[in-house]
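Pasting model_31.pdb here (PDB, C-alpha atoms and all ligand atoms):
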ATOM      1  CA  MET A 792     -13.969  23.480 -16.990  1.00  0.00           C
ATOM      2  CA  TRP A 793     -12.448  20.112 -16.357  1.00  0.00           C
ATOM      3  CA  LEU A 794     -15.388  18.015 -15.359  1.00  0.00           C
ATOM      4  CA  CYS A 795     -14.855  14.293 -15.624  1.00  0.00           C
ATOM      5  CA  SER A 796     -17.307  11.690 -16.594  1.00  0.00           C
ATOM      6  CA  PRO A 797     -19.404  10.700 -13.575  1.00  0.00           C
ATOM      7  CA  SER A 798     -18.796   7.111 -14.593  1.00  0.00           C
ATOM      8  CA  CYS A 799     -15.869   7.355 -12.215  1.00  0.00           C
ATOM      9  CA  VAL A 800     -13.212   5.259 -13.928  1.00  0.00           C
ATOM     10  CA  VAL A 801     -11.908   6.892 -17.047  1.00  0.00           C
ATOM     11  CA  ALA A 802      -9.540   4.820 -19.105  1.00  0.00           C
ATOM     12  CA  ALA A 803      -6.414   6.853 -19.682  1.00  0.00           C
ATOM     13  CA  GLY A 804      -4.704   4.369 -21.935  1.00  0.00           C
ATOM     14  CA  GLU A 805      -3.640   0.784 -21.759  1.00  0.00           C
ATOM     15  CA  PHE A 806      -1.428  -0.404 -18.974  1.00  0.00           C
ATOM     16  CA  SER A 807       2.156   0.019 -19.936  1.00  0.00           C
ATOM     17  CA  ARG A 808       4.484  -2.915 -20.388  1.00  0.00           C
ATOM     18  CA  SER A 809       5.925  -2.275 -16.967  1.00  0.00           C
ATOM     19  CA  HIS A 810       2.561  -3.100 -15.419  1.00  0.00           C
ATOM     20  CA  LEU A 811       2.294  -6.295 -17.348  1.00  0.00           C
ATOM     21  CA  ARG A 812       5.662  -7.124 -15.854  1.00  0.00           C
ATOM     22  CA  MET A 813       4.244  -6.472 -12.406  1.00  0.00           C
ATOM     23  CA  SER A 814       2.364  -9.724 -12.476  1.00  0.00           C
ATOM     24  CA  CYS A 815       5.491 -11.724 -13.132  1.00  0.00           C
ATOM     25  CA  GLN A 816       6.859 -10.999  -9.637  1.00  0.00           C
ATOM     26  CA  CYS A 817      10.116 -10.221 -11.372  1.00  0.00           C
ATOM     27  CA  SER A 818      10.712 -13.689 -12.713  1.00  0.00           C
ATOM     28  CA  CYS A 819      11.565 -11.913 -15.970  1.00  0.00           C
ATOM     29  CA  ALA A 820      15.174 -11.726 -14.819  1.00  0.00           C
ATOM     30  CA  GLY A 821      16.988  -8.981 -16.561  1.00  0.00           C
ATOM     31  CA  SER A 822      14.086  -6.867 -17.741  1.00  0.00           C
ATOM     32  CA  HIS A 823      14.304  -4.763 -14.602  1.00  0.00           C
ATOM     33  CA  ALA A 824      17.602  -3.010 -14.183  1.00  0.00           C
ATOM     34  CA  ALA A 825      19.166  -4.517 -11.085  1.00  0.00           C
ATOM     35  CA  THR A 826      19.700  -2.172  -8.159  1.00  0.00           C
ATOM     36  CA  ALA A 827      21.193  -3.999  -5.226  1.00  0.00           C
ATOM     37  CA  GLY A 828      18.846  -6.883  -5.871  1.00  0.00           C
ATOM     38  CA  HIS A 829      15.691  -4.899  -5.100  1.00  0.00           C
ATOM     39  CA  VAL A 830      12.450  -5.173  -7.021  1.00  0.00           C
ATOM     40  CA  TYR A 831      10.468  -1.962  -7.032  1.00  0.00           C
ATOM     41  CA  SER A 832       7.962  -2.549  -9.712  1.00  0.00           C
ATOM     42  CA  ARG A 833       4.979  -3.235  -7.463  1.00  0.00           C
ATOM     43  CA  GLY A 834       3.941   0.247  -6.496  1.00  0.00           C
ATOM     44  CA  ILE A 835       1.118   2.764  -6.763  1.00  0.00           C
ATOM     45  CA  ALA A 836       1.642   6.469  -7.416  1.00  0.00           C
ATOM     46  CA  LEU A 837      -1.485   8.496  -6.734  1.00  0.00           C
ATOM     47  CA  ALA A 838      -1.544  12.031  -8.109  1.00  0.00           C
ATOM     48  CA  GLY A 839      -4.181  14.737  -8.296  1.00  0.00           C
ATOM     49  CA  PRO A 840      -4.822  18.319  -7.239  1.00  0.00           C
ATOM     50  CA  SER A 841      -4.372  19.358  -3.639  1.00  0.00           C
ATOM     51  CA  GLY A 842      -7.542  18.695  -1.652  1.00  0.00           C
ATOM     52  CA  VAL A 843      -8.970  16.140  -4.066  1.00  0.00           C
ATOM     53  CA  GLY A 844      -8.732  13.441  -1.396  1.00  0.00           C
ATOM     54  CA  LYS A 845      -5.553  11.484  -2.145  1.00  0.00           C
ATOM     55  CA  SER A 846      -4.670  11.000   1.534  1.00  0.00           C
ATOM     56  CA  THR A 847      -8.255  10.080   2.340  1.00  0.00           C
ATOM     57  CA  ILE A 848      -8.305   7.401  -0.350  1.00  0.00           C
ATOM     58  CA  ILE A 849      -4.876   6.089   0.657  1.00  0.00           C
ATOM     59  CA  HIS A 850      -6.009   5.776   4.272  1.00  0.00           C
ATOM     60  CA  ALA A 851      -9.166   3.975   3.208  1.00  0.00           C
ATOM     61  CA  LEU A 852      -7.223   1.536   1.028  1.00  0.00           C
ATOM     62  CA  MET A 853      -4.626   0.834   3.695  1.00  0.00           C
ATOM     63  CA  ALA A 854      -7.268   0.394   6.387  1.00  0.00           C
ATOM     64  CA  LYS A 855      -9.025  -2.185   4.211  1.00  0.00           C
ATOM     65  CA  TYR A 856      -5.824  -4.022   3.215  1.00  0.00           C
ATOM     66  CA  PRO A 857      -3.355  -3.474   6.051  1.00  0.00           C
ATOM     67  CA  ASP A 858      -1.178  -6.437   5.037  1.00  0.00           C
ATOM     68  CA  LYS A 859      -1.119  -5.631   1.357  1.00  0.00           C
ATOM     69  CA  PHE A 860      -0.118  -1.998   0.971  1.00  0.00           C
ATOM     70  CA  GLY A 861       2.432   0.167   2.758  1.00  0.00           C
ATOM     71  CA  PHE A 862       2.783   3.915   2.608  1.00  0.00           C
ATOM     72  CA  SER A 863       6.119   5.252   1.384  1.00  0.00           C
ATOM     73  CA  LEU A 864       6.705   8.353   3.428  1.00  0.00           C
ATOM     74  CA  SER A 865       7.759  11.509   1.606  1.00  0.00           C
ATOM     75  CA  ALA A 866      10.666  13.575   2.814  1.00  0.00           C
ATOM     76  CA  THR A 867      10.298  17.343   3.012  1.00  0.00           C
ATOM     77  CA  THR A 868      12.093  20.452   4.163  1.00  0.00           C
ATOM     78  CA  ARG A 869       8.865  22.239   5.072  1.00  0.00           C
ATOM     79  CA  GLN A 870       8.105  22.852   8.713  1.00  0.00           C
ATOM     80  CA  PRO A 871       5.848  20.296  10.425  1.00  0.00           C
ATOM     81  CA  ARG A 872       2.269  21.512  10.876  1.00  0.00           C
ATOM     82  CA  PRO A 873       0.722  21.248  14.338  1.00  0.00           C
ATOM     83  CA  GLY A 874       0.071  17.585  15.087  1.00  0.00           C
ATOM     84  CA  GLU A 875       2.369  16.259  12.370  1.00  0.00           C
ATOM     85  CA  VAL A 876       4.900  13.694  13.530  1.00  0.00           C
ATOM     86  CA  ASN A 877       8.312  13.036  11.986  1.00  0.00           C
ATOM     87  CA  GLY A 878       8.403   9.494  10.611  1.00  0.00           C
ATOM     88  CA  ARG A 879       4.626   9.202  10.549  1.00  0.00           C
ATOM     89  CA  ASP A 880       3.439  12.093   8.376  1.00  0.00           C
ATOM     90  CA  TYR A 881       6.711  12.988   6.656  1.00  0.00           C
ATOM     91  CA  GLN A 882      10.392  12.532   7.070  1.00  0.00           C
ATOM     92  CA  PHE A 883      11.249  16.107   8.028  1.00  0.00           C
ATOM     93  CA  LEU A 884      14.749  17.091   6.913  1.00  0.00           C
ATOM     94  CA  ASN A 885      16.667  20.352   6.858  1.00  0.00           C
ATOM     95  CA  ARG A 886      17.736  21.732   3.482  1.00  0.00           C
ATOM     96  CA  GLU A 887      21.356  20.723   3.929  1.00  0.00           C
ATOM     97  CA  ARG A 888      20.508  17.086   4.596  1.00  0.00           C
ATOM     98  CA  PHE A 889      17.987  17.012   1.761  1.00  0.00           C
ATOM     99  CA  GLN A 890      20.563  18.380  -0.691  1.00  0.00           C
ATOM    100  CA  GLU A 891      23.109  15.886   0.561  1.00  0.00           C
ATOM    101  CA  LEU A 892      20.714  13.031  -0.188  1.00  0.00           C
ATOM    102  CA  ILE A 893      20.000  14.455  -3.657  1.00  0.00           C
ATOM    103  CA  ALA A 894      23.753  14.492  -4.335  1.00  0.00           C
ATOM    104  CA  GLN A 895      24.001  10.878  -3.180  1.00  0.00           C
ATOM    105  CA  GLY A 896      21.299   9.876  -5.670  1.00  0.00           C
ATOM    106  CA  GLU A 897      18.999   8.755  -2.855  1.00  0.00           C
ATOM    107  CA  PHE A 898      15.879  10.400  -4.294  1.00  0.00           C
ATOM    108  CA  VAL A 899      13.845   8.647  -6.972  1.00  0.00           C
ATOM    109  CA  GLU A 900      11.992  11.907  -7.447  1.00  0.00           C
ATOM    110  CA  HIS A 901      12.104  15.287  -5.811  1.00  0.00           C
ATOM    111  CA  ALA A 902      10.881  18.797  -6.428  1.00  0.00           C
ATOM    112  CA  ASP A 903      11.069  22.285  -5.060  1.00  0.00           C
ATOM    113  CA  VAL A 904       7.471  23.282  -4.382  1.00  0.00           C
ATOM    114  CA  HIS A 905       6.982  26.910  -3.424  1.00  0.00           C
ATOM    115  CA  GLY A 906      10.391  27.027  -1.754  1.00  0.00           C
ATOM    116  CA  ASN A 907      10.246  23.683   0.048  1.00  0.00           C
ATOM    117  CA  PHE A 908      11.759  20.422  -1.139  1.00  0.00           C
ATOM    118  CA  TYR A 909       9.625  17.297  -1.306  1.00  0.00           C
ATOM    119  CA  GLY A 910      10.769  13.887  -2.474  1.00  0.00           C
ATOM    120  CA  THR A 911      10.752  10.119  -2.279  1.00  0.00           C
ATOM    121  CA  THR A 912      13.836   8.283  -1.119  1.00  0.00           C
ATOM    122  CA  LYS A 913      14.799   4.799  -2.186  1.00  0.00           C
ATOM    123  CA  SER A 914      14.859   3.784   1.462  1.00  0.00           C
ATOM    124  CA  ALA A 915      11.250   4.948   1.955  1.00  0.00           C
ATOM    125  CA  VAL A 916      10.242   2.511  -0.774  1.00  0.00           C
ATOM    126  CA  ASP A 917      12.591  -0.165   0.561  1.00  0.00           C
ATOM    127  CA  ASN A 918      10.974   0.049   3.975  1.00  0.00           C
ATOM    128  CA  VAL A 919       7.725  -1.102   2.398  1.00  0.00           C
ATOM    129  CA  THR A 920       8.931  -3.604  -0.184  1.00  0.00           C
ATOM    130  CA  SER A 921      11.349  -5.285   2.233  1.00  0.00           C
ATOM    131  CA  ILE A 922       8.377  -6.468   4.307  1.00  0.00           C
ATOM    132  CA  GLY A 923       6.617  -7.816   1.238  1.00  0.00           C
ATOM    133  CA  LYS A 924       4.081  -5.020   0.759  1.00  0.00           C
ATOM    134  CA  ILE A 925       3.170  -2.998  -2.297  1.00  0.00           C
ATOM    135  CA  TRP A 926       4.330   0.584  -1.956  1.00  0.00           C
ATOM    136  CA  LEU A 927       1.836   3.358  -2.251  1.00  0.00           C
ATOM    137  CA  LYS A 928       2.214   7.102  -2.174  1.00  0.00           C
ATOM    138  CA  ASP A 929       0.683  10.403  -3.145  1.00  0.00           C
ATOM    139  CA  ILE A 930       2.828  12.366  -5.511  1.00  0.00           C
ATOM    140  CA  ASP A 931       2.552  15.421  -7.735  1.00  0.00           C
ATOM    141  CA  CYS A 932       2.642  15.387 -11.539  1.00  0.00           C
ATOM    142  CA  CYS A 933       6.256  16.526 -11.638  1.00  0.00           C
ATOM    143  CA  GLY A 934       7.210  13.625  -9.375  1.00  0.00           C
ATOM    144  CA  CYS A 935       5.273  11.234 -11.615  1.00  0.00           C
ATOM    145  CA  GLN A 936       7.197  12.484 -14.646  1.00  0.00           C
ATOM    146  CA  GLN A 937      10.517  11.805 -12.915  1.00  0.00           C
ATOM    147  CA  LEU A 938       9.397   8.437 -11.616  1.00  0.00           C
ATOM    148  CA  LYS A 939       8.182   7.422 -15.047  1.00  0.00           C
ATOM    149  CA  LYS A 940      11.738   7.713 -16.347  1.00  0.00           C
ATOM    150  CA  HIS A 941      13.258   5.790 -13.452  1.00  0.00           C
ATOM    151  CA  PRO A 942      15.002   2.559 -14.483  1.00  0.00           C
ATOM    152  CA  THR A 943      13.810   0.396 -11.589  1.00  0.00           C
ATOM    153  CA  PHE A 944      10.634   1.953 -10.206  1.00  0.00           C
ATOM    154  CA  HIS A 945       7.566   1.077 -12.234  1.00  0.00           C
ATOM    155  CA  PRO A 946       4.481   1.970 -10.232  1.00  0.00           C
ATOM    156  CA  ILE A 947       1.052   2.230 -11.724  1.00  0.00           C
ATOM    157  CA  PHE A 948       0.256   5.951 -12.177  1.00  0.00           C
ATOM    158  CA  ILE A 949      -3.251   6.913 -11.133  1.00  0.00           C
ATOM    159  CA  MET A 950      -4.725  10.389 -11.137  1.00  0.00           C
ATOM    160  CA  VAL A 951      -7.509  11.218  -8.695  1.00  0.00           C
ATOM    161  CA  VAL A 952      -9.842  14.012  -9.749  1.00  0.00           C
ATOM    162  CA  ALA A 953     -12.781  15.744  -8.078  1.00  0.00           C
ATOM    163  CA  PRO A 954     -16.293  15.517  -9.556  1.00  0.00           C
ATOM    164  CA  ASP A 955     -16.014  19.221 -10.401  1.00  0.00           C
ATOM    165  CA  GLU A 956     -14.098  22.367  -9.596  1.00  0.00           C
ATOM    166  CA  ALA A 957     -16.594  23.656  -7.039  1.00  0.00           C
ATOM    167  CA  GLU A 958     -16.330  20.444  -5.026  1.00  0.00           C
ATOM    168  CA  LEU A 959     -12.544  20.652  -5.056  1.00  0.00           C
ATOM    169  CA  GLU A 960     -12.766  24.189  -3.685  1.00  0.00           C
ATOM    170  CA  ARG A 961     -15.234  23.040  -1.019  1.00  0.00           C
ATOM    171  CA  ARG A 962     -12.835  20.294   0.093  1.00  0.00           C
ATOM    172  CA  LEU A 963      -9.821  22.575   0.147  1.00  0.00           C
ATOM    173  CA  ARG A 964     -11.674  25.145   2.242  1.00  0.00           C
ATOM    174  CA  GLY A 965     -13.452  22.536   4.346  1.00  0.00           C
ATOM    175  CA  ARG A 966     -10.148  21.080   5.480  1.00  0.00           C
ATOM    176  CA  GLY A 967      -9.375  24.444   7.039  1.00  0.00           C
ATOM    177  CA  THR A 968      -5.612  23.946   6.976  1.00  0.00           C
ATOM    178  CA  GLU A 969      -4.652  26.561   4.376  1.00  0.00           C
ATOM    179  CA  THR A 970      -4.804  30.327   4.263  1.00  0.00           C
ATOM    180  CA  GLU A 971      -6.967  31.978   1.626  1.00  0.00           C
ATOM    181  CA  GLU A 972      -3.864  32.832  -0.390  1.00  0.00           C
ATOM    182  CA  VAL A 973      -2.766  29.186  -0.386  1.00  0.00           C
ATOM    183  CA  VAL A 974      -6.253  27.978  -1.315  1.00  0.00           C
ATOM    184  CA  GLN A 975      -6.264  30.358  -4.299  1.00  0.00           C
ATOM    185  CA  ARG A 976      -2.825  29.209  -5.401  1.00  0.00           C
ATOM    186  CA  ARG A 977      -3.773  25.540  -5.105  1.00  0.00           C
ATOM    187  CA  LEU A 978      -6.907  26.117  -7.148  1.00  0.00           C
ATOM    188  CA  ARG A 979      -4.833  27.772  -9.862  1.00  0.00           C
ATOM    189  CA  ASP A 980      -2.340  24.889  -9.718  1.00  0.00           C
ATOM    190  CA  ALA A 981      -5.229  22.414  -9.953  1.00  0.00           C
ATOM    191  CA  ILE A 982      -6.196  23.796 -13.350  1.00  0.00           C
ATOM    192  CA  GLU A 983      -2.633  23.228 -14.578  1.00  0.00           C
ATOM    193  CA  GLU A 984      -2.476  19.745 -13.063  1.00  0.00           C
ATOM    194  CA  MET A 985      -5.744  18.754 -14.683  1.00  0.00           C
ATOM    195  CA  LYS A 986      -4.143  19.386 -18.059  1.00  0.00           C
ATOM    196  CA  GLN A 987      -1.977  16.334 -17.334  1.00  0.00           C
ATOM    197  CA  LYS A 988      -5.044  14.129 -17.046  1.00  0.00           C
ATOM    198  CA  ASP A 989      -5.010  13.057 -20.672  1.00  0.00           C
ATOM    199  CA  SER A 990      -1.309  13.574 -21.328  1.00  0.00           C
ATOM    200  CA  GLY A 991      -0.442   9.890 -21.317  1.00  0.00           C
ATOM    201  CA  LEU A 992       1.356  10.228 -18.001  1.00  0.00           C
ATOM    202  CA  PHE A 993      -1.366   8.364 -16.155  1.00  0.00           C
ATOM    203  CA  ASP A 994      -2.465   4.786 -16.578  1.00  0.00           C
ATOM    204  CA  ARG A 995      -5.869   5.473 -15.087  1.00  0.00           C
ATOM    205  CA  VAL A 996      -7.981   8.361 -13.806  1.00  0.00           C
ATOM    206  CA  VAL A 997     -10.445   7.832 -10.961  1.00  0.00           C
ATOM    207  CA  VAL A 998     -13.034  10.323  -9.776  1.00  0.00           C
ATOM    208  CA  ASN A 999     -13.326  10.840  -6.039  1.00  0.00           C
ATOM    209  CA  GLY A1000     -17.045  11.471  -5.793  1.00  0.00           C
ATOM    210  CA  THR A1001     -17.682   9.506  -2.629  1.00  0.00           C
ATOM    211  CA  VAL A1002     -14.859   7.767  -0.812  1.00  0.00           C
ATOM    212  CA  GLU A1003     -16.704   4.438  -1.049  1.00  0.00           C
ATOM    213  CA  GLN A1004     -17.184   4.649  -4.817  1.00  0.00           C
ATOM    214  CA  CYS A1005     -13.648   5.872  -5.409  1.00  0.00           C
ATOM    215  CA  LEU A1006     -12.281   3.005  -3.342  1.00  0.00           C
ATOM    216  CA  ARG A1007     -14.319   0.512  -5.365  1.00  0.00           C
ATOM    217  CA  ASP A1008     -13.048   2.005  -8.621  1.00  0.00           C
ATOM    218  CA  LEU A1009      -9.486   2.007  -7.366  1.00  0.00           C
ATOM    219  CA  GLU A1010      -9.807  -1.632  -6.323  1.00  0.00           C
ATOM    220  CA  ALA A1011     -10.997  -2.502  -9.826  1.00  0.00           C
ATOM    221  CA  VAL A1012      -7.986  -0.737 -11.353  1.00  0.00           C
ATOM    222  CA  LEU A1013      -5.607  -2.506  -8.966  1.00  0.00           C
ATOM    223  CA  ARG A1014      -7.145  -5.903  -9.738  1.00  0.00           C
ATOM    224  CA  GLU A1015      -6.692  -5.246 -13.430  1.00  0.00           C
ATOM    225  CA  ALA A1016      -3.037  -4.412 -12.772  1.00  0.00           C
ATOM    226  CA  HIS A1017      -2.615  -7.591 -10.691  1.00  0.00           C
ATOM    227  CA  LEU A1018      -1.934  -5.559  -7.593  1.00  0.00           C
ATOM    228  CA  LEU A1019      -4.994  -6.936  -5.827  1.00  0.00           C
ATOM    229  CA  ASP A1020      -6.600 -10.388  -5.942  1.00  0.00           C
TER     230      ASP A1020
HETATM  231  N1  LIG B1101     -15.010  11.754  -1.339  1.00  0.00           N
HETATM  232  C1  LIG B1101     -14.953  12.811  -0.519  1.00  0.00           C
HETATM  233  N2  LIG B1101     -16.086  13.475  -0.220  1.00  0.00           N
HETATM  234  C2  LIG B1101     -16.059  14.539   0.614  1.00  0.00           C
HETATM  235  N3  LIG B1101     -14.936  15.015   1.205  1.00  0.00           N
HETATM  236  C3  LIG B1101     -13.781  14.383   0.923  1.00  0.00           C
HETATM  237  C4  LIG B1101     -13.732  13.253   0.060  1.00  0.00           C
HETATM  238  N4  LIG B1101     -12.431  12.849  -0.017  1.00  0.00           N
HETATM  239  C5  LIG B1101     -11.735  13.675   0.773  1.00  0.00           C
HETATM  240  N5  LIG B1101     -12.541  14.598   1.343  1.00  0.00           N
HETATM  241  C6  LIG B1101     -12.147  15.685   2.227  1.00  0.00           C
HETATM  242  O1  LIG B1101     -11.435  16.637   1.433  1.00  0.00           O
HETATM  243  C7  LIG B1101     -10.384  17.233   2.183  1.00  0.00           C
HETATM  244  C8  LIG B1101      -9.083  17.022   1.424  1.00  0.00           C
HETATM  245  O2  LIG B1101      -8.753  15.638   1.444  1.00  0.00           O
HETATM  246  P1  LIG B1101      -7.235  15.132   1.533  1.00  0.00           P
HETATM  247  O3  LIG B1101      -6.531  15.847   2.629  1.00  0.00           O
HETATM  248  O4  LIG B1101      -7.296  13.648   1.578  1.00  0.00           O
HETATM  249  O5  LIG B1101      -6.704  15.659   0.121  1.00  0.00           O
HETATM  250  P2  LIG B1101      -5.274  15.500  -0.555  1.00  0.00           P
HETATM  251  O6  LIG B1101      -5.527  15.288  -1.993  1.00  0.00           O
HETATM  252  O7  LIG B1101      -4.488  14.457   0.154  1.00  0.00           O
HETATM  253  O8  LIG B1101      -4.651  16.932  -0.332  1.00  0.00           O
HETATM  254  P3  LIG B1101      -3.104  17.423  -0.338  1.00  0.00           P
HETATM  255  O9  LIG B1101      -2.549  17.078  -1.670  1.00  0.00           O
HETATM  256  O10 LIG B1101      -3.205  18.909  -0.150  1.00  0.00           O
HETATM  257  O11 LIG B1101      -2.420  16.748   0.810  1.00  0.00           O
HETATM  258  C9  LIG B1101     -10.400  16.569   3.559  1.00  0.00           C
HETATM  259  O12 LIG B1101     -11.075  17.418   4.472  1.00  0.00           O
HETATM  260  C10 LIG B1101     -11.173  15.270   3.329  1.00  0.00           C
HETATM  261  O13 LIG B1101     -11.833  14.842   4.487  1.00  0.00           O
END

Translate the structure of the given file into structure tokens.
Amino acid sequence: MWLCSPSCVVAAGEFSRSHLRMSCQCSCAGSHAATAGHVYSRGIALAGPSGVGKSTIIHALMAKYPDKFGFSLSATTRQPRPGEVNGRDYQFLNRERFQELIAQGEFVEHADVHGNFYGTTKSAVDNVTSIGKIWLKDIDCCGCQQLKKHPTFHPIFIMVVAPDEAELERRLRGRGTETEEVVQRRLRDAIEEMKQKDSGLFDRVVVNGTVEQCLRDLEAVLREAHLLD
């Protein structure tokens, strides 16, 4: 069982020094490693098991603050699903191009998930920060671990969890986009991912009970991290 407290926001440790630096708008010259003059520290990495509602929460946050946050598109080698659009849902790349970009050091994090590559490129983050917005993206635990070690990217790491396992299963099935085999695999993976909840990887854990409550809790976390007024 991995039930969370219904109190919705579970402190997962103090904000790291990098988040304290967030509020300085990078006036702390030198404490961020310089990469072509870019400042990447104002970002939000949202993790959590498949089906927990990461995309739903991201959409809700971006709809409420369209000028504040920008989604950093992931790149992937998996085939587009019906209705998915290149450049809107993902940057769809073939394996050769993806591997080329890995070799060029373009990915800040990437992983091979069940035979498909997924990752975040520097330019996907640039596209958001260059227009003055805070970058935001959903990411798996492995990606968070890589990002955490990155010299210039210092997002706040937030894990989204479901109120309980049965609800997660309901959401995964309710979405109707996965086969039974995939649902079973994602549920097994969810148990593993939940072990990361208290590992120190995450700055905060929020429970997605209702979208409204989760959004309120997320807003509180972002205010505390000076990412929201
Ligand atoms: N608070 C909620 N209450 C009820 N249903 C929800 C809630 N949040 C999301 N859902 C539903 O759960 C399903 C999964 O949500 P979503 O696609 O946002 O999950 P996800 O974490 O982004 O999944 P993945 O990692 O697989 O992309 C969707 O059908 C969505 O409408």

Do you know which residues are at most 10 Å from Ile922 (chain A) counting all atoms listed in the file, after dropping those on the same chain fewer than 4 positions away, and could you put them as JSON, numbers by chain? {"A": [858, 859, 861, 917, 918]}

Keeping only C-alpha atoms, write those residues as an mmCIF file, in the frame of the given file.
data_model
loop_
_atom_site.group_PDB
_atom_site.id
_atom_site.type_symbol
_atom_site.label_atom_id
_atom_site.label_comp_id
_atom_site.auth_asym_id
_atom_site.auth_seq_id
_atom_site.Cartn_x
_atom_site.Cartn_y
_atom_site.Cartn_z
ATOM 1 C CA ASP A 858 -1.178 -6.437 5.037
ATOM 2 C CA LYS A 859 -1.119 -5.631 1.357
ATOM 3 C CA GLY A 861 2.432 0.167 2.758
ATOM 4 C CA ASP A 917 12.591 -0.165 0.561
ATOM 5 C CA ASN A 918 10.974 0.049 3.975
#

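With distances taken over all atoms listed in the file, A:Ser841 is the one residue among A:Met950, A:Phe908, A:Ala836, A:Ser841 lying closest to ligand LIG 1101 (chain B).
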
Ref. answer, residues at most 7 Å from (-7.5, 17.6, -6.0) with all atoms listed in the file, as an MDAnalysis selection string: chainID A and resid 839:844 951:953 959 981

Around the point (-2.7, -5.0, 2.6) (coordinates from the file), which residues reach within 12 Å if we count all atoms listed in the file? Answer as a compact mmCIF listing (two decimals) with C-alpha atoms, keeping the file's coordinate frame.
# COMPACT_ATOMS: atom_id res chain seq x y z
CA ILE A 849 -4.88 6.09 0.66
CA HIS A 850 -6.01 5.78 4.27
CA ALA A 851 -9.17 3.98 3.21
CA LEU A 852 -7.22 1.54 1.03
CA MET A 853 -4.63 0.83 3.70
CA ALA A 854 -7.27 0.39 6.39
CA LYS A 855 -9.02 -2.18 4.21
CA TYR A 856 -5.82 -4.02 3.22
CA PRO A 857 -3.36 -3.47 6.05
CA ASP A 858 -1.18 -6.44 5.04
CA LYS A 859 -1.12 -5.63 1.36
CA PHE A 860 -0.12 -2.00 0.97
CA GLY A 861 2.43 0.17 2.76
CA PHE A 862 2.78 3.92 2.61
CA VAL A 919 7.72 -1.10 2.40
CA ILE A 922 8.38 -6.47 4.31
CA GLY A 923 6.62 -7.82 1.24
CA LYS A 924 4.08 -5.02 0.76
CA ILE A 925 3.17 -3.00 -2.30
CA TRP A 926 4.33 0.58 -1.96
CA LEU A 927 1.84 3.36 -2.25
CA GLU A 1010 -9.81 -1.63 -6.32
CA LEU A 1018 -1.93 -5.56 -7.59
CA LEU A 1019 -4.99 -6.94 -5.83
CA ASP A 1020 -6.60 -10.39 -5.94

Close residues to ligand LIG 1101 (chain B) using all atoms listed in the file, limit 6 Å, as a list in words: Ser841, Gly842, Val843, Gly844, Lys845, Ser846, Thr847, Arg962, Leu963, Gly965, Arg966, Asn999, Gly1000, Thr1001 and Val1002 of chain A
